[in-house]
>>> print(open('data02.cif').read())   # mmCIF, C-alpha atoms and all ligand atoms
data_entry
loop_
_atom_site.label_atom_id
_atom_site.label_comp_id
_atom_site.auth_asym_id
_atom_site.auth_seq_id
_atom_site.Cartn_x
_atom_site.Cartn_y
_atom_site.Cartn_z
CA MET X 1 -52.14 11.64 -53.09
CA CYS X 2 -50.41 14.71 -51.74
CA ILE X 3 -47.44 16.71 -52.91
CA ILE X 4 -45.10 14.73 -50.64
CA CYS X 5 -46.28 11.35 -51.94
CA ARG X 6 -46.02 12.53 -55.53
CA GLY X 7 -42.38 13.26 -54.95
CA ASP X 8 -42.67 16.84 -56.15
CA PRO X 9 -39.77 19.09 -55.17
CA LEU X 10 -40.43 20.72 -51.82
CA GLU X 11 -37.50 23.11 -51.63
CA GLY X 12 -38.48 26.72 -51.32
CA LEU X 13 -42.08 26.04 -50.34
CA VAL X 14 -43.55 28.64 -48.02
CA GLU X 15 -46.84 26.84 -47.62
CA LEU X 16 -47.48 23.09 -47.66
CA ASP X 17 -50.89 21.43 -47.69
CA CYS X 18 -50.78 17.67 -47.37
CA SER X 19 -54.06 17.39 -45.48
CA TYR X 20 -56.03 14.15 -45.48
CA CYS X 21 -53.22 12.07 -46.90
CA PRO X 22 -53.50 8.55 -45.49
CA ASN X 23 -50.00 7.57 -46.58
CA ILE X 24 -47.54 9.93 -44.97
CA THR X 25 -46.08 8.99 -41.61
CA GLU X 26 -43.74 11.97 -41.24
CA ILE X 27 -43.25 15.46 -42.60
CA PRO X 28 -39.92 16.40 -44.17
CA ASN X 29 -38.13 19.35 -42.60
CA ILE X 30 -38.52 22.04 -45.25
CA VAL X 31 -36.30 25.07 -44.88
CA GLY X 32 -38.28 28.32 -45.08
CA LEU X 33 -41.72 26.77 -44.63
CA GLN X 34 -44.11 29.14 -42.90
CA ARG X 35 -47.48 27.38 -43.03
CA LEU X 36 -48.15 23.67 -42.77
CA ASN X 37 -51.53 22.00 -43.06
CA CYS X 38 -51.32 18.30 -42.30
CA MET X 39 -54.82 17.98 -40.91
CA GLY X 40 -56.46 14.58 -41.03
CA CYS X 41 -53.35 12.55 -41.88
CA LEU X 42 -54.34 9.34 -40.19
CA ASN X 43 -50.88 7.78 -40.13
CA LEU X 44 -48.79 10.83 -39.42
CA ALA X 45 -46.68 10.05 -36.36
CA SER X 46 -44.28 12.99 -36.11
CA ILE X 47 -43.74 16.57 -37.14
CA PRO X 48 -40.21 18.00 -37.17
CA ASN X 49 -39.22 21.23 -35.45
CA ILE X 50 -39.39 23.40 -38.56
CA VAL X 51 -37.49 26.61 -37.96
CA GLY X 52 -39.54 29.64 -38.97
CA LEU X 53 -42.91 27.89 -39.14
CA GLN X 54 -45.66 30.33 -38.22
CA GLU X 55 -48.86 28.32 -38.58
CA LEU X 56 -49.41 24.64 -38.01
CA ASP X 57 -52.65 22.76 -38.48
CA CYS X 58 -52.24 19.16 -37.40
CA SER X 59 -55.82 18.59 -36.30
CA TYR X 60 -57.24 15.07 -36.38
CA CYS X 61 -53.95 13.21 -36.60
CA PRO X 62 -54.64 10.28 -34.28
CA LYS X 63 -51.14 8.82 -34.37
CA LEU X 64 -49.45 12.04 -33.39
CA THR X 65 -48.24 11.77 -29.80
CA SER X 66 -46.38 15.06 -29.44
CA ILE X 67 -46.16 18.53 -30.91
CA PRO X 68 -42.74 20.14 -31.33
CA ASN X 69 -42.01 23.37 -29.49
CA ILE X 70 -41.42 25.49 -32.57
CA ALA X 71 -39.98 28.87 -31.67
CA GLY X 72 -41.97 31.63 -33.32
CA LEU X 73 -45.06 29.56 -34.07
CA GLN X 74 -48.06 31.87 -33.91
CA ILE X 75 -51.04 29.64 -34.61
CA LEU X 76 -51.42 26.02 -33.55
CA ARG X 77 -54.46 23.97 -34.42
CA CYS X 78 -54.39 20.46 -33.06
CA SER X 79 -58.04 19.69 -32.40
CA GLY X 80 -59.02 16.09 -32.17
CA CYS X 81 -55.50 14.73 -31.71
CA LEU X 82 -56.53 11.90 -29.47
CA ASN X 83 -53.05 10.83 -28.40
CA ILE X 84 -51.50 14.14 -27.49
CA ARG X 85 -50.95 14.45 -23.77
CA GLU X 86 -49.49 17.93 -23.56
CA ILE X 87 -49.19 21.21 -25.38
CA PRO X 88 -45.69 22.72 -25.41
CA ASN X 89 -45.30 26.17 -23.90
CA ILE X 90 -44.52 27.92 -27.17
CA ALA X 91 -43.25 31.42 -26.53
CA GLY X 92 -45.17 33.91 -28.64
CA LEU X 93 -48.04 31.61 -29.56
CA ARG X 94 -51.12 33.73 -30.18
CA GLY X 95 -53.79 31.22 -31.08
CA LEU X 96 -54.34 27.70 -29.84
CA CYS X 97 -57.15 25.36 -30.77
CA CYS X 98 -56.97 22.05 -28.94
CA SER X 99 -60.62 21.11 -28.68
CA GLY X 100 -61.22 17.43 -28.47
CA CYS X 101 -57.69 16.56 -27.33
CA ARG X 102 -59.10 14.20 -24.82
CA LEU X 103 -55.90 13.26 -23.01
CA LEU X 104 -54.85 16.79 -22.13
CA THR X 105 -54.74 17.41 -18.42
CA GLU X 106 -53.42 20.97 -18.54
CA ILE X 107 -52.60 23.82 -20.83
CA PRO X 108 -49.38 25.71 -20.14
CA ASN X 109 -49.46 29.35 -19.15
CA ILE X 110 -48.53 30.74 -22.55
CA ILE X 111 -47.75 34.39 -22.10
CA GLY X 112 -49.56 36.53 -24.66
CA LEU X 113 -51.99 33.88 -25.88
CA ARG X 114 -55.00 35.67 -27.33
CA ARG X 115 -57.31 32.98 -28.62
CA LEU X 116 -57.92 29.63 -27.04
CA TYR X 117 -60.43 26.98 -28.02
CA ARG X 118 -60.43 24.00 -25.73
CA SER X 119 -63.87 22.50 -25.53
CA ASP X 120 -64.34 18.77 -25.08
CA CYS X 121 -61.15 18.22 -23.11
CA PRO X 122 -62.62 16.26 -20.23
CA PHE X 123 -59.50 16.07 -18.06
CA LEU X 124 -58.64 19.75 -18.08
CA GLU X 125 -59.21 20.88 -14.56
CA ASP X 126 -57.68 24.30 -14.27
CA ASP X 127 -60.05 26.81 -15.74
CA ASN X 128 -57.94 29.86 -14.99
CA ILE X 129 -56.51 30.20 -18.45
CA THR X 130 -59.96 30.50 -19.99
CA LYS X 131 -60.73 33.31 -17.60
CA VAL X 132 -57.45 35.01 -18.37
CA VAL X 133 -58.01 34.92 -22.12
CA TYR X 134 -61.44 36.37 -21.56
CA ILE X 135 -60.02 39.08 -19.34
CA GLN X 136 -57.29 39.86 -21.86
CA ARG X 137 -59.92 40.54 -24.50
CA TRP X 138 -61.93 42.61 -22.12
CA ILE X 139 -58.96 44.67 -21.02
CA ARG X 140 -57.93 45.20 -24.62
CA SER X 141 -61.34 46.71 -25.22
CA LYS X 142 -60.52 49.12 -22.42
CA MET X 143 -57.07 49.99 -23.68
CA GLN X 144 -57.85 53.65 -23.71
CA ILE X 145 -57.57 53.40 -19.94
CA ARG X 146 -53.86 53.95 -19.52
CA ASN X 147 -53.74 54.16 -15.78
CA PHE X 148 -52.63 50.85 -14.27
CA ASN X 149 -54.49 51.38 -10.99
CA VAL X 150 -57.71 52.18 -12.79
CA ARG X 151 -57.39 48.94 -14.76
CA LEU X 152 -56.75 47.03 -11.55
CA ALA X 153 -59.83 48.53 -9.97
CA LEU X 154 -61.95 47.64 -12.99
CA VAL X 155 -60.92 44.01 -12.82
CA ARG X 156 -61.43 43.89 -9.05
CA ASP X 157 -64.91 45.28 -9.49
CA ILE X 158 -65.93 42.41 -11.77
CA HIS X 159 -65.02 39.86 -9.15
CA PRO X 160 -62.38 39.91 -6.38
CA ASP X 161 -61.02 36.51 -7.48
CA LEU X 162 -60.27 37.82 -10.92
CA LEU X 163 -57.69 40.18 -9.50
CA ASN X 164 -55.72 37.29 -8.01
CA ILE X 165 -55.93 35.38 -11.25
CA CYS X 166 -54.80 38.41 -13.24
CA MET X 167 -51.93 39.03 -10.90
CA SER X 168 -50.71 35.46 -11.33
CA TYR X 169 -50.81 36.02 -15.09
CA TYR X 170 -49.48 39.53 -14.88
CA SER X 171 -49.00 39.84 -18.64
CA VAL X 172 -52.68 40.66 -19.04
CA PHE X 173 -51.82 44.08 -17.78
ZN ZN N 201 -49.64 11.92 -49.53
#
>>> encode(input="data02.cif", output="C-alpha cells")
Amino acid sequence: MCIICRGDPLEGLVELDCSYCPNITEIPNIVGLQRLNCMGCLNLASIPNIVGLQELDCSYCPKLTSIPNIAGLQILRCSGCLNIREIPNIAGLRGLCCSGCRLLTEIPNIIGLRRLYRSDCPFLEDDNITKVVYIQRWIRSKMQIRNFNVRLALVRDIHPDLLNICMSYYSVF
C-alpha cells in the first residue's frame, strides 16, 4: 500500500513514490511536487499536468494511454507503457526513455534533448533523432571548437547526409 492509499497528507511533498501500487487509478495533483515515481502501477490510467514537475517515471503502467505535456519537465521515463501512442513535445525535456513503448510511431523533434533510449519500439521508422542525439554528444565533446564553419566541416566529413540532418535540427549547433 502506498502513501496515497494510506491517506497520508500529501500537501507540501516535493517527491512522491507510489511505485508498484496495484490500487491507484489516478494521481492527485500535488502543488509543488518535483519528482514523481509511479512506475509499475498496473491500474493507473491518468497523470495530471502537475505544474513544476521536473522528473516523471511512469514506466510499466499498461493502462496509461497518454502523457501530459508538463512544461518544465526535464526527465521522462515511460518505458514499457504498452498503450501510449505518442510522446508530447515537451519543451526543455533533456532525457527521454521510451523503450518498449510498442505503439509509438514517432518521437517528436524535442529541441535540446540530450539522452534518448528507445529500443524495442518496432513501429518507429524515422531514425534521424537517434543520429541527432549522437551528433549532439559528439559535438559537445568538440565544444572547444568555437568556429561554426569548422564545426560544419567536421560534421560533413563524417558523412555528407549528417550535415542535412543537422541542418534540419539546427539546435545541435
Ligand atoms: Zn497505493
>>> residues_near_ligand(input="data02.cif", ligand="ligand ZN 201 (chain N)", cutoff="12 Å", atoms="all atoms listed in the file", output="PyMOL selection string")
chain X and resi 1-8+16-28+38-44
>>> closest_residue(input="data02.cif", among="X:Arg118, X:Pro9, X:Leu33, X:Leu93", to="Cys78 of chain X", atoms="all atoms listed in the file")
X:Arg118
>>> residues_around(input="data02.cif", residues="Ser99 of chain X", least_positions_apart="4", cutoff="6 Å", atoms="only C-alpha atoms", output="CSV table (one decimal) with C-alpha atoms, in the coordinates of the input")
chain,number,residue,atom,x,y,z
X,79,SER,CA,-58.0,19.7,-32.4
X,117,TYR,CA,-60.4,27.0,-28.0
X,118,ARG,CA,-60.4,24.0,-25.7
X,119,SER,CA,-63.9,22.5,-25.5
X,120,ASP,CA,-64.3,18.8,-25.1
>>> closest_residue(input="data02.cif", among="X:Val14, X:Leu56, X:Cys101, X:Cys121", to="Gln74 of chain X", atoms="all atoms listed in the file")
X:Leu56
>>> atom_distance(input="data02.cif", atom1="atom CA of Leu116 of chain X", atom2="atom CA of Ser66 of chain X")
18.7 Å
>>> atom_distance(input="data02.cif", atom1="atom CA of Val51 of chain X", atom2="atom CA of Arg102 of chain X")
28.2 Å
